[in-house]
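Enquirer: Structure supplied as coords-v3.cif; contents: mmCIF, C-alpha atoms.
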data_start
#
loop_
_atom_site.label_atom_id
_atom_site.label_comp_id
_atom_site.auth_asym_id
_atom_site.auth_seq_id
_atom_site.Cartn_x
_atom_site.Cartn_y
_atom_site.Cartn_z
CA MET A 1 15.75 -45.51 74.07
CA ALA A 2 12.90 -43.03 73.57
CA THR A 3 12.87 -41.07 70.35
CA THR A 4 9.85 -38.87 70.97
CA LEU A 5 7.92 -37.82 74.03
CA GLN A 6 5.26 -40.35 73.10
CA ASP A 7 7.76 -43.15 73.74
CA ILE A 8 8.08 -42.14 77.39
CA ASP A 9 5.83 -43.79 79.93
CA GLY A 10 3.45 -41.23 81.41
CA ASP A 11 4.09 -42.17 85.02
CA THR A 12 7.83 -42.01 84.45
CA LEU A 13 7.60 -38.58 82.88
CA ARG A 14 5.23 -37.30 85.57
CA ALA A 15 7.54 -38.50 88.33
CA TRP A 16 10.54 -36.94 86.63
CA MET A 17 8.79 -33.57 86.23
CA VAL A 18 7.65 -33.58 89.83
CA GLN A 19 11.16 -34.37 91.03
CA TYR A 20 12.76 -31.82 88.73
CA ILE A 21 10.46 -28.95 89.65
CA THR A 22 10.60 -29.80 93.33
CA THR A 23 14.39 -29.73 93.24
CA VAL A 24 14.83 -26.65 91.08
CA LEU A 25 12.31 -24.58 93.01
CA ASP A 26 13.39 -25.91 96.40
CA LEU A 27 9.85 -27.04 97.18
CA PRO A 28 9.03 -29.39 100.04
CA GLU A 29 8.95 -33.02 98.93
CA GLY A 30 5.49 -34.34 98.13
CA LYS A 31 3.80 -30.95 98.10
CA LEU A 32 3.58 -30.36 94.38
CA ASP A 33 0.09 -30.52 92.90
CA THR A 34 0.41 -31.81 89.33
CA SER A 35 -2.90 -30.23 88.33
CA GLU A 36 -1.69 -26.70 89.05
CA SER A 37 -0.01 -24.55 86.44
CA PHE A 38 3.75 -24.16 86.30
CA THR A 39 3.44 -20.49 87.11
CA THR A 40 1.63 -21.33 90.32
CA TYR A 41 4.78 -23.03 91.55
CA GLY A 42 6.88 -20.07 90.45
CA LEU A 43 8.41 -21.73 87.40
CA ASP A 44 9.02 -18.90 84.95
CA SER A 45 9.51 -18.99 81.20
CA VAL A 46 13.29 -19.15 81.41
CA GLU A 47 13.12 -22.11 83.74
CA ALA A 48 10.60 -23.81 81.47
CA VAL A 49 13.07 -23.57 78.61
CA VAL A 50 15.80 -24.93 80.84
CA MET A 51 13.53 -27.79 81.88
CA ALA A 52 13.01 -28.64 78.21
CA GLY A 53 16.76 -28.83 77.72
CA VAL A 54 17.26 -31.02 80.77
CA MET A 55 14.40 -33.24 79.69
CA GLU A 56 16.08 -33.65 76.33
CA GLU A 57 19.28 -34.73 78.02
CA GLU A 58 17.50 -37.08 80.38
CA PHE A 59 15.27 -38.85 77.88
CA ARG A 60 17.17 -38.26 74.64
CA VAL A 61 14.16 -36.73 72.93
CA GLN A 62 13.50 -33.35 71.41
CA VAL A 63 11.28 -31.11 73.52
CA ASP A 64 9.91 -27.87 72.20
CA PRO A 65 9.80 -25.54 75.23
CA MET A 66 6.71 -23.88 73.80
CA LEU A 67 4.79 -27.04 74.73
CA PHE A 68 5.02 -25.99 78.38
CA PHE A 69 3.25 -22.75 77.56
CA GLU A 70 0.50 -24.54 75.65
CA HIS A 71 0.00 -27.24 78.27
CA HIS A 72 0.87 -25.58 81.50
CA THR A 73 0.27 -28.25 84.09
CA ILE A 74 2.22 -31.46 84.59
CA ASP A 75 -0.96 -33.49 84.20
CA ASP A 76 -1.95 -31.78 80.98
CA PHE A 77 1.54 -32.05 79.54
CA VAL A 78 1.92 -35.72 80.40
CA GLN A 79 -1.56 -36.68 79.21
CA THR A 80 -1.04 -34.86 75.93
CA TYR A 81 2.43 -36.00 75.02
CA ALA A 82 3.59 -39.06 76.94
CA LYS A 83 2.68 -42.69 76.39
CA PRO A 84 -0.24 -43.71 78.59
CA SER A 85 1.13 -45.71 81.47
CA GLU A 86 0.34 -49.39 81.91
CA GLN A 87 -1.59 -48.55 85.05
CA SER A 88 -3.86 -46.04 83.38
CA LEU A 89 -4.42 -48.36 80.42
CA ALA A 90 -5.42 -51.10 82.81
CA GLY A 91 -7.76 -48.70 84.52
CA GLU A 92 -9.40 -47.84 81.21
CA LYS A 93 -9.88 -51.52 80.36
CA THR A 94 -11.50 -52.32 83.65
CA GLY A 95 -13.39 -49.05 84.02
CA MET B 96 47.73 4.59 94.15
CA ASP B 97 45.56 1.68 93.08
CA PRO B 98 41.88 2.42 92.52
CA ASP B 99 39.19 1.25 94.92
CA LEU B 100 37.11 -0.16 92.12
CA SER B 101 37.83 -1.68 88.72
CA LEU B 102 35.20 -2.25 86.08
CA VAL B 103 35.89 -4.81 83.37
CA VAL B 104 33.76 -4.22 80.28
CA VAL B 105 33.85 -6.70 77.40
CA CYS B 106 32.81 -5.58 73.95
CA TYR B 107 32.58 -6.98 70.46
CA GLU B 108 31.40 -4.89 67.52
CA MET B 109 29.71 -2.32 69.75
CA ALA B 110 30.63 0.91 68.02
CA ARG B 111 27.16 2.28 68.72
CA GLU B 112 26.60 0.85 72.17
CA LEU B 113 29.98 1.09 73.90
CA PRO B 114 30.24 4.90 73.94
CA ARG B 115 26.89 5.10 75.75
CA THR B 116 27.91 2.39 78.18
CA LEU B 117 31.12 4.22 79.01
CA LEU B 118 29.27 7.50 79.31
CA SER B 119 26.97 5.82 81.84
CA LEU B 120 30.05 4.81 83.83
CA SER B 121 31.67 8.24 83.68
CA PRO B 122 32.11 10.54 86.68
CA ALA B 123 29.72 13.05 85.10
CA TYR B 124 26.93 10.48 85.08
CA GLN B 125 27.67 8.36 88.14
CA ARG B 126 26.71 9.88 91.48
CA GLY B 127 28.62 9.58 94.70
CA VAL B 128 31.87 8.24 93.33
CA SER B 129 35.15 10.09 93.11
CA PRO B 130 36.83 10.39 89.73
CA GLY B 131 40.20 8.74 89.87
CA ARG B 132 39.12 6.27 92.54
CA TYR B 133 37.84 3.83 89.95
CA GLU B 134 39.12 2.55 86.66
CA VAL B 135 37.39 1.10 83.62
CA ILE B 136 39.07 -1.63 81.60
CA VAL B 137 37.50 -2.28 78.23
CA VAL B 138 38.52 -5.57 76.67
CA ASP B 139 37.71 -5.86 73.00
CA ASN B 140 36.95 -9.40 71.95
CA GLY B 141 37.99 -9.25 68.31
CA SER B 142 36.07 -6.38 66.71
CA ALA B 143 37.07 -5.55 63.15
CA GLU B 144 37.68 -1.98 64.26
CA PRO B 145 38.52 -2.15 67.95
CA PRO B 146 37.72 0.87 70.10
CA GLU B 147 40.54 3.11 71.23
CA ALA B 148 40.82 4.96 74.51
CA ARG B 149 41.20 8.34 72.81
CA GLN B 150 37.65 8.05 71.45
CA PHE B 151 36.39 8.37 75.03
CA ALA B 152 38.83 10.96 76.30
CA ASP B 153 36.03 13.44 77.02
CA PHE B 154 34.36 11.11 79.52
CA GLY B 155 36.86 11.80 82.28
CA LEU B 156 37.42 8.12 82.94
CA THR B 157 40.54 6.37 84.10
CA LEU B 158 40.32 4.08 81.14
CA ARG B 159 42.35 1.33 79.56
CA VAL B 160 41.31 -0.37 76.35
CA LEU B 161 42.81 -3.83 75.85
CA ARG B 162 42.52 -6.27 73.00
CA CYS B 163 41.89 -9.84 74.01
CA SER B 164 44.94 -11.92 73.15
CA SER B 165 42.78 -14.94 72.29
CA ALA B 166 39.56 -13.41 71.00
CA SER B 167 36.81 -15.93 70.39
CA PRO B 168 33.00 -16.07 70.13
CA SER B 169 32.90 -16.60 73.90
CA PRO B 170 33.67 -13.58 76.09
CA VAL B 171 35.31 -15.72 78.78
CA ALA B 172 38.95 -15.16 77.79
CA ALA B 173 38.34 -11.42 77.42
CA LEU B 174 36.70 -11.26 80.84
CA ASN B 175 39.50 -13.17 82.50
CA GLU B 176 42.14 -10.98 80.89
CA GLY B 177 40.29 -7.95 82.15
CA LEU B 178 40.02 -9.41 85.64
CA ALA B 179 43.74 -10.13 85.63
CA ALA B 180 44.48 -6.54 84.64
CA ALA B 181 42.19 -5.05 87.30
CA ARG B 182 43.97 -3.20 90.12
CA GLY B 183 40.98 -2.33 92.27
CA THR B 184 40.15 -3.96 95.57
CA LEU B 185 36.60 -4.38 94.34
CA VAL B 186 36.05 -5.54 90.76
CA GLY B 187 32.85 -5.36 88.74
CA ALA B 188 32.51 -7.45 85.58
CA TRP B 189 30.38 -6.36 82.62
CA ILE B 190 30.05 -9.45 80.45
CA ASP B 191 28.10 -7.44 77.90
CA GLY B 192 29.48 -4.01 77.04
CA ALA B 193 26.14 -2.97 75.61
CA ARG B 194 24.62 -2.35 79.03
CA LEU B 195 23.97 1.10 80.43
CA ALA B 196 24.28 1.68 84.14
CA SER B 197 21.88 3.54 86.37
CA PRO B 198 23.47 6.63 87.93
CA GLY B 199 23.97 5.29 91.44
CA LEU B 200 25.19 1.86 90.50
CA LEU B 201 28.87 2.26 91.30
CA HIS B 202 28.21 4.02 94.59
CA ALA B 203 25.65 1.40 95.56
CA ALA B 204 27.91 -1.51 94.66
CA THR B 205 30.80 -0.01 96.60
CA THR B 206 28.61 0.70 99.62
CA ALA B 207 27.04 -2.74 99.53
CA ALA B 208 30.40 -4.47 99.22
CA SER B 209 31.62 -2.67 102.33
CA LEU B 210 28.90 -4.34 104.41
CA HIS B 211 30.43 -7.80 104.36
CA PRO B 212 33.95 -9.23 104.17
CA ARG B 213 33.05 -11.61 101.36
CA PRO B 214 30.32 -9.87 99.36
CA ILE B 215 28.80 -10.97 96.07
CA VAL B 216 27.04 -7.84 94.83
CA ALA B 217 24.53 -8.55 92.08
CA THR B 218 22.58 -6.05 90.05
CA THR B 219 19.33 -6.57 88.23
CA ASN B 220 19.30 -6.88 84.44
CA TYR B 221 16.82 -4.82 82.43
CA GLN B 222 16.39 -4.53 78.68
CA LEU B 223 15.50 -1.29 76.94
CA GLY B 224 12.01 -1.33 75.47
CA PHE B 225 8.61 -2.35 76.73
CA GLN B 226 9.11 -6.06 76.40
CA ARG B 227 12.13 -8.30 76.35
CA GLN B 228 14.13 -7.70 73.23
CA HIS B 229 13.93 -11.21 71.79
CA LEU B 230 10.19 -10.49 71.52
CA SER B 231 10.25 -6.81 70.60
CA ALA B 232 12.80 -7.43 67.83
CA ALA B 233 10.18 -9.50 66.03
CA GLU B 234 7.90 -6.46 66.09
CA GLY B 235 10.43 -4.11 64.62
CA TYR B 236 12.35 -2.91 67.66
CA ASP B 237 15.81 -2.08 66.44
CA ARG B 238 18.67 0.32 67.01
CA ALA B 239 16.81 3.23 65.44
CA ARG B 240 13.74 2.70 67.64
CA GLU B 241 16.00 2.41 70.63
CA ASP B 242 17.70 5.67 69.77
CA GLU B 243 14.25 7.28 69.68
CA LEU B 244 13.37 5.68 72.98
CA LEU B 245 16.45 7.06 74.67
CA GLY B 246 15.70 10.42 73.11
CA SER B 247 12.18 10.32 74.54
CA ILE B 248 13.59 10.35 78.08
CA ASP B 249 16.29 12.84 77.18
CA TRP B 250 18.95 10.34 78.17
CA PRO B 251 21.51 10.84 79.69
CA ARG B 252 20.07 13.85 81.55
CA ASP B 253 18.48 11.69 84.27
CA GLY B 254 19.67 8.11 84.01
CA TYR B 255 17.02 6.86 86.43
CA ARG B 256 14.44 7.50 83.73
CA LEU B 257 15.81 4.37 82.04
CA PHE B 258 13.49 2.46 84.35
CA GLU B 259 10.53 4.15 82.57
CA VAL B 260 11.48 2.64 79.21
CA ALA B 261 12.85 -0.75 80.15
CA THR B 262 11.71 -4.25 81.06
CA PRO B 263 13.22 -6.43 83.77
CA GLU B 264 14.59 -9.77 82.61
CA MET B 265 13.23 -11.63 85.63
CA LYS B 266 10.13 -11.17 87.75
CA ASN B 267 9.95 -8.94 90.80
CA PRO B 268 13.45 -7.46 90.78
CA PRO B 269 15.52 -7.37 92.90
CA PHE B 270 13.64 -9.79 95.17
CA GLY B 271 12.73 -12.50 92.65
CA PRO B 272 14.76 -15.34 91.21
CA MET B 273 18.01 -14.14 89.69
CA LEU B 274 19.55 -16.12 86.87
CA GLU B 275 22.48 -13.84 86.28
CA SER B 276 23.82 -10.38 86.85
CA ASN B 277 25.47 -8.44 84.10
CA ALA B 278 27.27 -6.18 86.54
CA LEU B 279 28.67 -8.52 89.16
CA PHE B 280 30.92 -7.09 91.86
CA MET B 281 33.28 -8.98 94.13
CA PRO B 282 36.56 -8.26 95.85
CA LYS B 283 39.47 -9.13 93.61
CA SER B 284 40.44 -11.82 96.10
CA LEU B 285 37.09 -13.55 95.56
CA TRP B 286 37.44 -13.36 91.80
CA ASN B 287 40.82 -15.06 92.23
CA GLU B 288 39.31 -17.67 94.50
CA LEU B 289 36.71 -18.34 91.84
CA SER B 290 39.37 -18.43 89.09
CA GLY B 291 37.25 -15.97 87.14
CA TYR B 292 34.90 -17.21 84.45
CA ASP B 293 35.16 -20.88 83.48
CA PRO B 294 36.90 -21.33 80.11
CA ALA B 295 34.85 -24.49 79.54
CA PHE B 296 32.10 -22.19 78.26
CA THR B 297 33.30 -21.75 74.70
CA GLU B 298 29.91 -21.18 73.07
CA PRO B 299 29.14 -17.90 71.29
CA GLY B 300 28.24 -15.37 73.93
CA GLY B 301 29.56 -17.74 76.58
CA GLY B 302 26.32 -19.73 76.85
CA MET B 303 25.42 -20.03 80.49
CA VAL B 304 28.77 -18.84 81.83
CA ASN B 305 27.25 -15.79 83.49
CA PRO B 306 24.63 -17.73 85.50
CA ASP B 307 27.34 -20.25 86.28
CA THR B 308 29.64 -17.58 87.64
CA LEU B 309 26.95 -16.13 89.89
CA ALA B 310 26.04 -19.60 91.17
CA ARG B 311 29.66 -20.56 91.82
CA ALA B 312 30.33 -17.27 93.57
CA CYS B 313 27.33 -17.72 95.85
CA ALA B 314 28.54 -21.23 96.61
CA LEU B 315 31.93 -20.06 97.85
CA PRO B 316 32.20 -20.47 101.61
CA ALA B 317 31.07 -17.64 103.87
CA THR B 318 30.06 -15.34 101.04
CA GLN B 319 27.05 -13.05 101.21
CA LEU B 320 24.82 -12.38 98.22
CA ILE B 321 23.80 -8.72 98.18
CA ARG B 322 21.22 -7.50 95.70
CA LEU B 323 20.99 -3.82 94.86
CA MET B 324 17.66 -2.05 95.10
CA GLY B 325 16.96 0.81 92.72
CA GLU B 326 20.00 0.29 90.52
CA ALA B 327 20.35 -1.82 87.39
CA THR B 328 21.93 -2.25 83.99
CA PHE B 329 19.96 -1.74 80.78
CA HIS B 330 20.63 -3.73 77.65
CA GLN B 331 20.92 -1.94 74.33
CA ILE B 332 19.90 -4.07 71.37
CA HIS B 333 22.94 -5.08 69.36
CA GLY B 334 22.54 -8.58 67.96
CA GLY B 335 23.30 -10.51 71.14
CA MET B 336 22.63 -14.23 71.46
CA THR B 337 19.63 -14.00 73.76
CA THR B 338 18.12 -10.72 72.66
CA SER B 339 18.02 -10.75 68.85
CA SER B 340 15.12 -13.10 68.20
CA ALA B 341 12.88 -15.48 70.08
CA ALA B 342 14.19 -18.46 68.15
CA LEU B 343 17.82 -17.63 68.87
CA ALA B 344 17.07 -16.93 72.53
CA LEU B 345 15.32 -20.28 72.91
CA GLN B 346 18.09 -22.11 71.09
CA THR B 347 20.81 -20.45 73.15
CA LEU B 348 19.07 -21.15 76.43
CA ASN B 349 18.20 -24.70 75.46
CA GLU B 350 21.68 -25.62 74.27
CA GLY B 351 23.27 -23.72 77.12
CA SER B 352 21.20 -25.48 79.75
CA ARG B 353 22.05 -28.87 78.29
CA PHE B 354 25.73 -28.06 78.24
CA TYR B 355 25.50 -26.79 81.81
CA LEU B 356 23.88 -30.02 82.93
CA ARG B 357 26.62 -32.07 81.34
CA LEU B 358 29.36 -29.87 82.79
CA ARG B 359 28.05 -29.42 86.32
CA GLY B 360 25.92 -32.53 86.75
CA GLN B 361 22.95 -30.48 87.89
CA PRO B 362 20.38 -28.33 86.13
CA LEU B 363 20.85 -24.64 85.71
CA LYS B 364 18.64 -22.74 88.10
CA PRO B 365 18.22 -19.15 89.14
CA ILE B 366 19.33 -18.03 92.56
CA ARG B 367 16.22 -17.98 94.76
CA LYS B 368 18.03 -17.27 97.98
CA LEU B 369 17.28 -13.66 98.77
CA GLY B 370 20.50 -12.75 100.52
CA TRP B 371 20.53 -9.09 101.44
CA VAL B 372 18.70 -6.42 99.50
CA VAL B 373 20.48 -3.11 99.93
CA ASP B 374 19.20 0.35 99.11
CA ALA B 375 22.37 2.38 99.13
CA SER B 376 20.48 5.65 98.67
CA LYS B 377 18.92 5.07 102.10
CA ASN B 378 22.00 3.30 103.49
CA ALA B 379 19.71 0.46 104.48
CA ILE B 380 19.30 -3.25 104.15
CA LEU B 381 15.67 -3.65 103.16
CA ALA B 382 15.35 -7.39 103.38
CA CYS B 383 17.38 -10.43 104.17
CA ASP B 384 17.16 -14.14 104.69
CA GLY B 385 20.16 -14.37 106.98
CA PRO B 386 20.58 -14.13 110.73
CA SER B 387 19.24 -10.79 111.93
CA GLU B 388 22.19 -10.07 114.21
CA ILE B 389 24.54 -10.14 111.23
CA VAL B 390 22.33 -7.71 109.34
CA ALA B 391 22.05 -5.42 112.33
CA GLY B 392 25.82 -5.38 112.58
CA ALA B 393 26.19 -4.55 108.93
CA VAL B 394 23.75 -1.66 109.06
CA GLY B 395 25.60 -0.18 111.96
CA GLN B 396 28.85 0.06 110.02
#
Since I need it in another form, could you write the structure as structure tokens?
Expert:
Amino acid sequence: MATTLQDIDGDTLRAWMVQYITTVLDLPEGKLDTSESFTTYGLDSVEAVVMAGVMEEEFRVQVDPMLFFEHHTIDDFVQTYAKPSEQSLAGEKTG
Amino acid sequence: MDPDLSLVVVCYEMARELPRTLLSLSPAYQRGVSPGRYEVIVVDNGSAEPPEARQFADFGLTLRVLRCSSASPSPVAALNEGLAAARGTLVGAWIDGARLASPGLLHAATTAASLHPRPIVATTNYQLGFQRQHLSAAEGYDRAREDELLGSIDWPRDGYRLFEVATPEMKNPPFGPMLESNALFMPKSLWNELSGYDPAFTEPGGGMVNPDTLARACALPATQLIRLMGEATFHQIHGGMTTSSAALALQTLNEGSRFYLRLRGQPLKPIRKLGWVVDASKNAILACDGPSEIVAGAVGQ
């Protein structure tokens, strides 16, 4: 079980955030650009706080909602806080 | 004769705020409604010194003041007791008795509700002050500043001037996402169908019970969400769970959203469906996301 965001695999967290935001905002599947800011999608501050709460429930970690205001794209958030995924580590080793 | 409209107003320790709220609901302030055709039911949720109807005798209201039989930090029981006591065909629920109404709100809600057999009439929430109160409170906004603010627009002379000194809780009202509506109107039959507010929400302030109620109402079969244009409620600062400080607002929303997820099995989310947007002052539906023939029929009524 994860205890902090850094215990969560980056790809797992990215996929979860994409799915969550797509569902909550009723966006078409596969259309969300993870390099765009949350506000571009229409995710407001209230929903960001809610997302933090749901993330806490899902991954059993504490999530400060203010992190979404400091790192306001999925890519930035995941790269800053999650554990680098095996795939990206492999890419770094071979790159 | 039973009234056309009942308003259920829940209060707790609102000696300063409740008189203004009731004044804003009075026949002298509200436009286009007939005195005697609506009633106000105040349900006190355990105040040390509960309000009494005689304090508001000058307002010309058909008023009952009840004391919740099972007062608790959550307003749910008080709301449901008020809903049970309501005699009107249309019932509006005020989960927070610290909210002022705009002057055409009751007329607009009544008009909008008449456009559909199963209407869910939602009003936009504003907060007094130039930013949301959980932020302004940290900069010194308090009851005294708010009194000055209301004085600056000579309230209650023209209640529409409240829009000049208030901040919407959500973006682009009334067209944007709507998390909740403080003044939520439905026929009494729909409130019964919904079984009122869900008693599972026992948290102080009720947690996310108000968003939950709006979402459940909109999910009832064949209902029509109707948003009101140009009317709103305005929150007076009073120590509420989501308006007193940023930390408390975040904590309440965070814990509330987690509880909601556990209870409902899905995340809390604002209503994005537009429904109908009604401007009662123009007797017009300004926008809709439903079939146009239905809207055309409604306008013609």
Enquirer: For a quick check of understanding, using only C-alpha atoms, which of B:Glu259, B:Glu350, B:Glu147, B:Asp99 has the smallest distance to Ser247 in chain B?
Expert: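 Smallest distance to Ser247 in chain B is found for B:Glu259.
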Enquirer: Tell me which protein, DNA and RNA residues are within 7 Å of Arg353 in chain B, counting all atoms listed in the file, leaving out same-chain ones fewer than 5 positions away, and put them as JSON, numbers by chain.
Expert: {"A": [53, 54, 57]}
Enquirer: So that I can see what lies close to Asp307 in chain B, please list as a VMD selection string the residues with an atom at most 9 Å from it, counting only C-alpha atoms and leaving out residues fewer than 3 positions away in the same chain.
Expert: chain B and resid 274 to 275 292 to 293 303 to 304 310 to 312 355 363
Enquirer: What is the CA of His333 in chain B to CA of Gln228 in chain B distance in Å?
Expert: 10.0 Å
Enquirer: Can you list, as a ChimeraX atom specification, the residues that the PyMOL selection byres ((chain B and resi 184-194) around 6) selects here?
Expert: /B:99-106,112-113,116,183,195,277-283,328-331
Enquirer: Please write the residues picked by the PyMOL selection byres ((chain A and resi 34) around 12) on this file as a PyMOL selection string.
Expert: chain A and resi 11+13-19+21-22+30-33+35-41+71-79
